[in-house]
>>> print(open('run-v8.cif').read())   # mmCIF, C-alpha atoms
data_coords
loop_
_atom_site.group_PDB
_atom_site.id
_atom_site.type_symbol
_atom_site.label_atom_id
_atom_site.label_comp_id
_atom_site.auth_asym_id
_atom_site.auth_seq_id
_atom_site.Cartn_x
_atom_site.Cartn_y
_atom_site.Cartn_z
ATOM 1 C CA MET A 1 -74.798 15.528 -20.562
ATOM 2 C CA SER A 2 -72.299 13.131 -22.011
ATOM 3 C CA SER A 3 -70.216 16.115 -23.225
ATOM 4 C CA LEU A 4 -70.048 17.504 -19.686
ATOM 5 C CA LYS A 5 -68.921 14.123 -18.363
ATOM 6 C CA ILE A 6 -66.189 13.949 -21.000
ATOM 7 C CA HIS A 7 -64.918 17.440 -20.136
ATOM 8 C CA ALA A 8 -65.032 16.663 -16.415
ATOM 9 C CA GLY A 9 -63.110 13.458 -16.983
ATOM 10 C CA VAL A 10 -60.423 15.254 -19.002
ATOM 11 C CA ILE A 11 -60.002 17.913 -16.296
ATOM 12 C CA LEU A 12 -59.782 15.258 -13.547
ATOM 13 C CA LEU A 13 -57.164 13.335 -15.536
ATOM 14 C CA MET A 14 -55.093 16.512 -15.975
ATOM 15 C CA LEU A 15 -55.240 17.289 -12.238
ATOM 16 C CA LEU A 16 -54.175 13.756 -11.330
ATOM 17 C CA SER A 17 -51.270 13.949 -13.786
ATOM 18 C CA CYS A 18 -50.080 17.244 -12.297
ATOM 19 C CA SER A 19 -50.326 15.810 -8.786
ATOM 20 C CA VAL A 20 -48.240 12.755 -9.683
ATOM 21 C CA LEU A 21 -45.642 14.926 -11.459
ATOM 22 C CA ALA A 22 -45.395 17.258 -8.453
ATOM 23 C CA GLN A 23 -44.897 14.309 -6.089
ATOM 24 C CA LYS A 24 -42.115 12.931 -8.285
ATOM 25 C CA LYS A 25 -40.339 16.301 -8.398
ATOM 26 C CA GLU A 26 -40.639 16.777 -4.633
ATOM 27 C CA GLY A 27 -39.053 13.416 -3.860
ATOM 28 C CA LEU A 28 -36.533 13.404 -6.712
ATOM 29 C CA GLY A 29 -33.043 12.456 -5.595
ATOM 30 C CA HIS A 30 -33.866 12.188 -1.880
ATOM 31 C CA LYS A 31 -33.399 8.768 -0.322
ATOM 32 C CA LEU A 32 -35.889 8.481 2.508
ATOM 33 C CA ASN A 33 -35.966 5.437 4.731
ATOM 34 C CA SER A 34 -38.832 3.942 6.714
ATOM 35 C CA SER A 35 -38.090 5.990 9.840
ATOM 36 C CA SER A 36 -37.943 9.323 8.012
ATOM 37 C CA ASN A 37 -40.788 11.787 7.803
ATOM 38 C CA ARG A 38 -38.687 14.681 6.490
ATOM 39 C CA LEU A 39 -38.106 15.804 2.927
ATOM 40 C CA GLN A 40 -35.134 17.947 1.942
ATOM 41 C CA GLY A 41 -35.648 21.391 3.474
ATOM 42 C CA LYS A 42 -37.844 20.119 6.319
ATOM 43 C CA LEU A 43 -35.326 19.988 9.161
ATOM 44 C CA ILE A 44 -36.940 20.447 12.572
ATOM 45 C CA GLY A 45 -35.842 22.922 15.221
ATOM 46 C CA LYS A 46 -36.499 25.974 17.352
ATOM 47 C CA VAL A 47 -36.448 29.398 15.681
ATOM 48 C CA TYR A 48 -33.317 31.362 16.620
ATOM 49 C CA ARG A 49 -33.199 35.147 16.670
ATOM 50 C CA ILE A 50 -29.594 36.195 16.366
ATOM 51 C CA THR A 51 -28.314 39.200 18.283
ATOM 52 C CA ALA A 52 -25.370 41.451 17.463
ATOM 53 C CA GLU A 53 -23.621 40.176 20.594
ATOM 54 C CA ALA A 54 -24.074 36.538 19.605
ATOM 55 C CA ASN A 55 -22.953 37.164 16.024
ATOM 56 C CA ARG A 56 -19.791 38.854 17.275
ATOM 57 C CA ASN A 57 -18.915 36.518 20.167
ATOM 58 C CA PHE A 58 -20.616 33.144 20.047
ATOM 59 C CA LEU A 59 -20.673 31.879 16.460
ATOM 60 C CA TYR A 60 -18.151 29.664 14.675
ATOM 61 C CA PRO A 61 -16.901 30.106 12.004
ATOM 62 C CA ASN A 62 -16.834 33.885 11.534
ATOM 63 C CA ASP A 63 -19.282 33.834 8.629
ATOM 64 C CA TRP A 64 -22.029 31.612 7.248
ATOM 65 C CA VAL A 65 -20.759 28.586 5.332
ATOM 66 C CA GLU A 66 -22.373 25.879 3.232
ATOM 67 C CA GLY A 67 -22.331 22.527 4.947
ATOM 68 C CA ASP A 68 -23.873 19.059 5.102
ATOM 69 C CA ILE A 69 -25.875 17.553 7.956
ATOM 70 C CA LEU A 70 -26.129 13.817 8.607
ATOM 71 C CA LEU A 71 -29.027 12.664 10.775
ATOM 72 C CA THR A 72 -29.077 9.651 13.063
ATOM 73 C CA ASN A 73 -31.536 7.870 10.760
ATOM 74 C CA GLY A 74 -29.210 8.205 7.762
ATOM 75 C CA ASP A 75 -30.842 11.169 6.019
ATOM 76 C CA LYS A 76 -28.370 13.728 4.672
ATOM 77 C CA TYR A 77 -29.066 17.396 3.994
ATOM 78 C CA GLU A 78 -26.522 19.082 1.742
ATOM 79 C CA ASN A 79 -25.433 22.647 0.981
ATOM 80 C CA ARG A 80 -27.175 24.290 3.934
ATOM 81 C CA LYS A 81 -26.113 27.667 5.290
ATOM 82 C CA LEU A 82 -24.980 26.925 8.826
ATOM 83 C CA ARG A 83 -22.850 27.935 11.812
ATOM 84 C CA TYR A 84 -22.109 26.521 15.254
ATOM 85 C CA GLU A 85 -23.357 28.484 18.288
ATOM 86 C CA ALA A 86 -20.748 27.860 21.006
ATOM 87 C CA ASN A 87 -22.592 29.548 23.870
ATOM 88 C CA GLU A 88 -25.538 27.141 23.703
ATOM 89 C CA ASP A 89 -23.741 24.293 21.884
ATOM 90 C CA GLU A 90 -26.233 24.274 19.025
ATOM 91 C CA LEU A 91 -26.188 23.920 15.244
ATOM 92 C CA ILE A 92 -27.821 26.897 13.487
ATOM 93 C CA VAL A 93 -29.230 26.541 9.974
ATOM 94 C CA TYR A 94 -30.703 29.208 7.711
ATOM 95 C CA ASN A 95 -34.056 28.343 6.142
ATOM 96 C CA ALA A 96 -34.104 30.147 2.794
ATOM 97 C CA ASN A 97 -37.811 29.399 2.300
ATOM 98 C CA THR A 98 -38.927 31.284 5.416
ATOM 99 C CA PHE A 99 -35.874 33.584 5.796
ATOM 100 C CA THR A 100 -35.370 32.394 9.377
ATOM 101 C CA LEU A 101 -32.622 30.818 11.464
ATOM 102 C CA PHE A 102 -33.243 27.813 13.685
ATOM 103 C CA PHE A 103 -31.459 25.438 16.046
ATOM 104 C CA VAL A 104 -31.613 21.966 14.503
ATOM 105 C CA GLU A 105 -33.125 19.539 16.996
ATOM 106 C CA LYS A 106 -29.978 17.979 18.476
ATOM 107 C CA GLN A 107 -31.378 14.502 19.036
ATOM 108 C CA LEU A 108 -31.814 14.167 15.256
ATOM 109 C CA VAL A 109 -28.210 15.065 14.357
ATOM 110 C CA LYS A 110 -25.327 12.601 14.036
ATOM 111 C CA SER A 111 -22.738 14.944 12.509
ATOM 112 C CA PHE A 112 -22.276 17.993 10.319
ATOM 113 C CA THR A 113 -19.438 19.187 8.099
ATOM 114 C CA PHE A 114 -18.381 22.359 6.330
ATOM 115 C CA ILE A 115 -15.364 23.725 4.483
ATOM 116 C CA GLU A 116 -13.696 26.929 5.607
ATOM 117 C CA GLU A 117 -10.542 28.286 3.970
ATOM 118 C CA ASN A 118 -10.112 25.023 2.033
ATOM 119 C CA LYS A 119 -10.178 22.962 5.227
ATOM 120 C CA LEU A 120 -12.851 20.387 6.025
ATOM 121 C CA HIS A 121 -14.353 20.680 9.498
ATOM 122 C CA LYS A 122 -16.393 17.820 10.930
ATOM 123 C CA PHE A 123 -18.489 18.004 14.098
ATOM 124 C CA VAL A 124 -19.835 14.859 15.736
ATOM 125 C CA LYS A 125 -22.420 14.490 18.480
ATOM 126 C CA LEU A 126 -21.338 12.472 21.509
ATOM 127 C CA SER A 127 -22.891 11.873 24.911
ATOM 128 C CA THR A 128 -20.977 12.984 27.994
ATOM 129 C CA VAL A 129 -21.173 11.103 31.273
ATOM 130 C CA GLY A 130 -21.581 12.065 34.909
ATOM 131 C CA ASP A 131 -24.004 14.348 36.697
ATOM 132 C CA SER A 132 -24.261 16.750 33.740
ATOM 133 C CA ALA A 133 -24.560 14.017 31.103
ATOM 134 C CA LYS A 134 -25.925 15.360 27.833
ATOM 135 C CA ASP A 135 -25.359 15.327 24.082
ATOM 136 C CA ARG A 136 -22.694 17.761 22.914
ATOM 137 C CA TYR A 137 -21.037 18.696 19.633
ATOM 138 C CA PHE A 138 -17.289 18.124 19.273
ATOM 139 C CA GLU A 139 -15.080 19.008 16.325
ATOM 140 C CA GLU A 140 -13.258 15.886 15.173
ATOM 141 C CA LEU A 141 -9.642 16.976 14.628
ATOM 142 C CA TYR A 142 -8.328 13.434 14.151
ATOM 143 C CA SER A 143 -10.385 10.386 13.251
ATOM 144 C CA GLY A 144 -8.747 7.111 14.212
ATOM 145 C CA ALA A 145 -9.347 4.356 16.742
ATOM 146 C CA HIS A 146 -8.774 7.168 19.234
ATOM 147 C CA LYS A 147 -10.395 10.394 18.084
ATOM 148 C CA PHE A 148 -8.898 13.758 18.962
ATOM 149 C CA LEU A 149 -11.751 16.185 19.644
ATOM 150 C CA ALA A 150 -12.236 19.879 20.371
ATOM 151 C CA PHE A 151 -15.124 21.249 22.408
ATOM 152 C CA TYR A 152 -15.789 24.980 22.038
ATOM 153 C CA PHE A 153 -17.289 27.072 24.807
ATOM 154 C CA VAL A 154 -17.727 30.762 25.581
ATOM 155 C CA PHE A 155 -15.730 32.295 28.419
ATOM 156 C CA GLU A 156 -16.869 35.583 29.962
ATOM 157 C CA TYR A 157 -14.278 37.826 31.588
ATOM 158 C CA LYS A 158 -14.571 41.207 33.288
ATOM 159 C CA VAL A 159 -13.089 44.375 31.808
ATOM 160 C CA SER A 160 -13.144 48.055 32.665
ATOM 161 C CA PRO A 161 -16.571 49.526 31.854
ATOM 162 C CA TYR A 162 -16.886 50.914 28.343
ATOM 163 C CA VAL A 163 -19.597 52.044 25.907
ATOM 164 C CA ASP A 164 -19.994 49.792 22.873
ATOM 165 C CA ARG A 165 -20.907 50.807 19.310
ATOM 166 C CA ASN A 166 -24.607 50.695 20.219
ATOM 167 C CA GLY A 167 -24.201 53.084 23.137
ATOM 168 C CA ILE A 168 -24.592 50.343 25.748
ATOM 169 C CA THR A 169 -22.306 50.335 28.805
ATOM 170 C CA ARG A 170 -20.591 46.973 29.265
ATOM 171 C CA ASP A 171 -18.111 45.506 31.728
ATOM 172 C CA SER A 172 -17.703 42.030 30.173
ATOM 173 C CA GLU A 173 -16.113 40.537 27.085
ATOM 174 C CA PHE A 174 -16.618 37.074 25.610
ATOM 175 C CA GLN A 175 -14.189 34.706 23.956
ATOM 176 C CA ILE A 176 -14.589 31.277 22.377
ATOM 177 C CA GLN A 177 -12.190 28.872 24.063
ATOM 178 C CA THR A 178 -11.374 25.209 23.538
ATOM 179 C CA ASN A 179 -11.180 22.074 25.651
ATOM 180 C CA TYR A 180 -9.612 18.966 24.124
ATOM 181 C CA PHE A 181 -10.671 15.351 24.510
ATOM 182 C CA MET A 182 -9.747 11.886 23.349
ATOM 183 C CA TYR A 183 -12.540 9.457 22.521
ATOM 184 C CA SER A 184 -12.527 5.715 21.935
ATOM 185 C CA GLU A 185 -15.226 3.064 22.060
ATOM 186 C CA SER A 186 -13.490 1.322 24.978
ATOM 187 C CA HIS A 187 -12.622 4.369 27.116
ATOM 188 C CA GLY A 188 -15.231 6.954 26.152
ATOM 189 C CA LEU A 189 -14.356 10.644 26.527
ATOM 190 C CA GLN A 190 -11.145 11.625 28.297
ATOM 191 C CA LYS A 191 -10.033 15.242 28.732
ATOM 192 C CA MET A 192 -6.581 16.033 27.367
ATOM 193 C CA ASP A 193 -4.197 18.969 27.364
ATOM 194 C CA ILE A 194 -1.873 19.734 24.487
ATOM 195 C CA THR A 195 1.170 18.213 26.175
ATOM 196 C CA ARG A 196 3.120 14.952 26.011
ATOM 197 C CA ARG A 197 2.112 14.301 29.617
ATOM 198 C CA SER A 198 -1.516 13.909 28.513
ATOM 199 C CA PHE A 199 -0.520 10.793 26.560
ATOM 200 C CA PHE A 200 1.468 9.455 29.526
ATOM 201 C CA ASN A 201 -1.551 9.950 31.805
ATOM 202 C CA ALA A 202 -3.987 8.412 29.312
ATOM 203 C CA PHE A 203 -1.792 5.342 28.710
ATOM 204 C CA PRO A 204 0.319 4.916 31.873
ATOM 205 C CA GLU A 205 1.214 1.309 31.002
ATOM 206 C CA LYS A 206 2.675 2.496 27.684
ATOM 207 C CA LYS A 207 4.507 5.523 29.071
ATOM 208 C CA LYS A 208 8.052 4.306 28.266
ATOM 209 C CA GLU A 209 7.105 3.248 24.733
ATOM 210 C CA ILE A 210 5.352 6.549 24.045
ATOM 211 C CA ARG A 211 8.260 8.617 25.368
ATOM 212 C CA LYS A 212 10.722 6.602 23.252
ATOM 213 C CA MET A 213 8.564 6.981 20.137
ATOM 214 C CA PHE A 214 8.216 10.739 20.627
ATOM 215 C CA ARG A 215 11.967 11.138 21.145
ATOM 216 C CA LYS A 216 12.817 9.007 18.108
ATOM 217 C CA ASN A 217 10.473 10.967 15.821
ATOM 218 C CA HIS A 218 11.167 14.401 17.332
ATOM 219 C CA ILE A 219 7.540 14.935 18.358
ATOM 220 C CA ALA A 220 7.155 18.050 20.511
ATOM 221 C CA VAL A 221 3.483 18.234 21.494
ATOM 222 C CA GLN A 222 2.604 21.927 21.667
ATOM 223 C CA ASN A 223 -0.325 22.637 19.324
ATOM 224 C CA GLU A 224 -3.181 20.960 17.444
ATOM 225 C CA PRO A 225 -1.106 19.782 14.444
ATOM 226 C CA SER A 226 1.514 18.198 16.721
ATOM 227 C CA MET A 227 -1.229 16.473 18.765
ATOM 228 C CA ILE A 228 -2.653 15.042 15.538
ATOM 229 C CA ALA A 229 0.838 13.910 14.472
ATOM 230 C CA ALA A 230 1.266 12.221 17.863
ATOM 231 C CA PHE A 231 -1.995 10.288 17.520
ATOM 232 C CA GLN A 232 -1.104 9.229 13.983
ATOM 233 C CA LEU A 233 2.360 8.070 15.047
ATOM 234 C CA LEU A 234 1.180 6.087 18.080
ATOM 235 C CA GLU A 235 -1.648 4.377 16.194
ATOM 236 C CA LYS A 236 0.472 3.634 13.141
ATOM 237 C CA ASN A 237 3.025 1.887 15.377
ATOM 238 C CA LYS A 238 0.257 0.151 17.353
ATOM 239 C CA ILE A 239 1.446 1.594 20.636
ATOM 240 C CA ILE A 240 -2.094 2.657 21.457
ATOM 241 C CA ASP A 241 -5.017 0.536 20.279
#
>>> encode(input="run-v8.cif", output="structure tokens")
Amino acid sequence: MSSLKIHAGVILLMLLSCSVLAQKKEGLGHKLNSSSNRLQGKLIGKVYRITAEANRNFLYPNDWVEGDILLTNGDKYENRKLRYEANEDELIVYNANTFTLFFVEKQLVKSFTFIEENKLHKFVKLSTVGDSAKDRYFEELYSGAHKFLAFYFVFEYKVSPYVDRNGITRDSEFQIQTNYFMYSESHGLQKMDITRRSFFNAFPEKKKEIRKMFRKNHIAVQNEPSMIAAFQLLEKNKIID
């Protein structure tokens, strides 16, 4: 009887040791705070079933990339296969454990980043205002006191009917297009065009100073890089604050 008790005790001790070791391995390297109930690989979201049409027209970038996701509670999930779905304004992540795609629950996300063609892309979640107020993802093209942001959306336009590669007759095409915004803590989101006039309209009291600064530094605002250069110049010289 005593021999059975000894053997049972040894087996129980071994099971407890394995359990403790497994718990340590599962939590190793993951900093979880008091408001977190997720371990690495346990992001929450709705399963997404990609279609050929969506893959061709709605997703950015053109292929899956490895990226990092920062949640509002401070948790960070690194090296996840992800893409941005512009038609529904959602972040898609691939779950390698279940071989499925899912939309990450937007209310949990603060930002996400990825590198494409040696360039870092950062998307931030901001709340819009007005009748259609909701959380949306914006790409942060310039990060200063005034952020320069891009919002991607899908535009549908009519074409002459044609038969696609799958034998389906279509009369529409889709294209990802961009709206630009400026964001600051004091002014919130303001729509901008890629023109000098956008700066004059956003800061009417500084119009003369801005025009003079642009002329002096030969700033011709006509694309994203020149918009970024304009923001950098105006903030560096404390013309906008």
>>> residues_around(input="run-v8.cif", residues="Ile176 of chain A", least_positions_apart="3", cutoff="10 Å", atoms="all atoms listed in the file", output="CSV table (one decimal) with C-alpha atoms, in the frame of the given file")
chain,number,residue,atom,x,y,z
A,57,ASN,CA,-18.9,36.5,20.2
A,58,PHE,CA,-20.6,33.1,20.0
A,59,LEU,CA,-20.7,31.9,16.5
A,60,TYR,CA,-18.2,29.7,14.7
A,86,ALA,CA,-20.7,27.9,21.0
A,87,ASN,CA,-22.6,29.5,23.9
A,152,TYR,CA,-15.8,25.0,22.0
A,153,PHE,CA,-17.3,27.1,24.8
A,154,VAL,CA,-17.7,30.8,25.6
A,155,PHE,CA,-15.7,32.3,28.4
A,156,GLU,CA,-16.9,35.6,30.0
>>> resolve_selection(input="run-v8.cif", expression="the PyMOL selection byres ((chain A and resi 66) around 9)", output="list in words")
Trp64, Val65, Gly67, Asp68, Glu78, Asn79, Arg80, Lys81, Leu82, Arg83, Thr113, Phe114 and Ile115 of chain A
>>> closest_residue(input="run-v8.cif", among="A:Met182, A:Val93, A:Ile219, A:Leu126", to="Ser143 of chain A", atoms="all atoms listed in the file")
A:Met182
>>> atom_distance(input="run-v8.cif", atom1="atom CA of Gln190 of chain A", atom2="atom CA of Phe123 of chain A")
17.2 Å
>>> atom_distance(input="run-v8.cif", atom1="atom CA of Asn179 of chain A", atom2="atom CA of Leu101 of chain A")
27.2 Å
>>> resolve_selection(input="run-v8.cif", expression="the PyMOL selection byres ((chain A and resi 128) around 12)", output="PDB file with C-alpha atoms, in the frame of the given file")
ATOM      1  CA  LYS A 125     -22.420  14.490  18.480  1.00  0.00           C
ATOM      2  CA  LEU A 126     -21.338  12.472  21.509  1.00  0.00           C
ATOM      3  CA  SER A 127     -22.891  11.873  24.911  1.00  0.00           C
ATOM      4  CA  VAL A 129     -21.173  11.103  31.273  1.00  0.00           C
ATOM      5  CA  GLY A 130     -21.581  12.065  34.909  1.00  0.00           C
ATOM      6  CA  ASP A 131     -24.004  14.348  36.697  1.00  0.00           C
ATOM      7  CA  SER A 132     -24.261  16.750  33.740  1.00  0.00           C
ATOM      8  CA  ALA A 133     -24.560  14.017  31.103  1.00  0.00           C
ATOM      9  CA  LYS A 134     -25.925  15.360  27.833  1.00  0.00           C
ATOM     10  CA  ASP A 135     -25.359  15.327  24.082  1.00  0.00           C
ATOM     11  CA  ARG A 136     -22.694  17.761  22.914  1.00  0.00           C
ATOM     12  CA  TYR A 137     -21.037  18.696  19.633  1.00  0.00           C
ATOM     13  CA  PHE A 138     -17.289  18.124  19.273  1.00  0.00           C
ATOM     14  CA  PHE A 151     -15.124  21.249  22.408  1.00  0.00           C
ATOM     15  CA  PHE A 181     -10.671  15.351  24.510  1.00  0.00           C
ATOM     16  CA  TYR A 183     -12.540   9.457  22.521  1.00  0.00           C
ATOM     17  CA  GLY A 188     -15.231   6.954  26.152  1.00  0.00           C
ATOM     18  CA  LEU A 189     -14.356  10.644  26.527  1.00  0.00           C
ATOM     19  CA  GLN A 190     -11.145  11.625  28.297  1.00  0.00           C
ATOM     20  CA  LYS A 191     -10.033  15.242  28.732  1.00  0.00           C
TER      21      LYS A 191
END
>>> axis_aligned_box(input="run-v8.cif", around="segment 156-175 of chain A", padding_each_side="8 Å", output="lines of an AutoDock Vina configuration file")
center_x = -18.8
center_y = 43.9
center_z = 26.3
size_x = 27.5
size_y = 34.4
size_z = 30.0
>>> closest_residue(input="run-v8.cif", among="A:Ala54, A:Glu235, A:Ile92, A:Pro204", to="Glu173 of chain A", atoms="only C-alpha atoms")
A:Ala54
>>> atom_distance(input="run-v8.cif", atom1="atom CA of Ile50 of chain A", atom2="atom CA of Thr178 of chain A")
22.5 Å
>>> closest_residue(input="run-v8.cif", among="A:Gln175, A:Phe102, A:Glu85, A:Phe112", to="Asp63 of chain A", atoms="all atoms listed in the file")
A:Glu85
>>> closest_residue(input="run-v8.cif", among="A:Lys207, A:Lys46, A:Lys106, A:Lys238", to="His146 of chain A", atoms="only C-alpha atoms")
A:Lys238
>>> resolve_selection(input="run-v8.cif", expression="the PyMOL selection byres ((chain A and resi 105) around 9)", output="compact mmCIF listing (two decimals) with C-alpha atoms, in the coordinates of the input")
# COMPACT_ATOMS: atom_id res chain seq x y z
CA LEU A 43 -35.33 19.99 9.16
CA ILE A 44 -36.94 20.45 12.57
CA GLY A 45 -35.84 22.92 15.22
CA LYS A 46 -36.50 25.97 17.35
CA GLU A 90 -26.23 24.27 19.02
CA LEU A 91 -26.19 23.92 15.24
CA PHE A 102 -33.24 27.81 13.68
CA PHE A 103 -31.46 25.44 16.05
CA VAL A 104 -31.61 21.97 14.50
CA LYS A 106 -29.98 17.98 18.48
CA GLN A 107 -31.38 14.50 19.04
CA LEU A 108 -31.81 14.17 15.26
CA VAL A 109 -28.21 15.06 14.36
>>> closest_residue(input="run-v8.cif", among="A:Asp75, A:Asp241, A:Glu53, A:Glu224", to="Leu141 of chain A", atoms="all atoms listed in the file")
A:Glu224
>>> closest_residue(input="run-v8.cif", among="A:Tyr162, A:Phe174, A:Phe148, A:Phe231", to="Arg196 of chain A", atoms="only C-alpha atoms")
A:Phe231
